[in-house]
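What follows is a set of notes on a single structure, which appears directly below.
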Amino acid sequence: MNEITLKAKTKSIAIMVARLCEQLPVSRINNPYISQIIRCSASMGANYRAACRAKSTKDFVHKLQIVEEETDETLYFLELLAEFNEKQRATMRDIYKETETVLKIIVSSIKTAKKKLGHAGDGNPKSKT
């Protein structure tokens, strides 16, 4: 997936999440989860756009790691909302799959960029010189 497609995909996920949240009933449980998932799903795309403007490979990796965290957080809040909103589970499942795909791409991109920096996939230098 190229940069333009991934920008569009992350924006689409944020929009799908927002539309889903508009359909969820107001409740003591839903409200805080809705606030969180709206923030993290939008942050996913915003931080990916920032990563695309990174000043260096190291900066790119750092910003992609933020995207990874926000994407994983989006998945987590989808899981929580699904527990309390049975009627919307099918929609949530579709959003979850799209978000999971983005997460896999981001993790793969981080690994590739770290190799470019001369680091192992775990973030530790391959050699100490």
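Ordering of the structure tokens sets the chain letters (A, B, ...), residue numbers begin anew at 1 in every chain, and ligands are numbered from 1 in the order given.
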
Where in chain A does DSSP assign alpha helix (DSSP H), given as number ranges by chain? A: 3-23, 30-52, 57-84, 89-117

So that I can see what lies close to range 30-40 of chain A, please list as a PyMOL selection string the residues with an atom at most 7 Å from it, counting only C-alpha atoms and leaving out residues fewer than 4 positions away in the same chain. chain A and resi 17-18+21+26+44+70+73-74+77+81

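Among the candidate residues A:Leu75, A:Ala8, A:Leu64, A:Asp59, the one lying nearest to Ile95 in chain A is A:Leu75, with distances computed using only C-alpha atoms.
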
10 Å contact set for range 105-110 of chain A, only C-alpha atoms, chain neighbours under 5 positions out, as a list in words: Met1, Leu6, Tyr48, Thr57, Phe60, Val61, His62, Lys63, Leu64, Gln65, Ile66, Val67, Glu68, Thr71, Thr99, Glu100, Lys115, Lys116, Gly121 and Gly123 of chain A

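When CA of Leu24 in chain A is paired with CA of Lys9 in chain A, their separation reads 22.7 Å.
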
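One finds CA of Leu80 in chain A at 9.5 Å from CA of Ile29 in chain A.
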
For Ala50 in chain A, the nearest of the candidates A:Lys7, A:Leu103, A:Ile15, A:Pro25, counting only C-alpha atoms: A:Lys7

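The closest residue to Glu98 in chain A, picked from A:Thr112, A:Lys58, A:Leu78, A:Ala51 and counting only C-alpha atoms, is A:Leu78.
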
Contacts of Lys11 in chain A within 9 Å, only C-alpha atoms, excl. fewer than 6 positions in-chain, as a ChimeraX atom specification: /A:41-42,44-46

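Shortest separation to Asn47 in chain A among A:Glu69, A:Ser27, A:Ala90, A:Lys104 occurs at residue A:Glu69, atoms counted being only C-alpha atoms.
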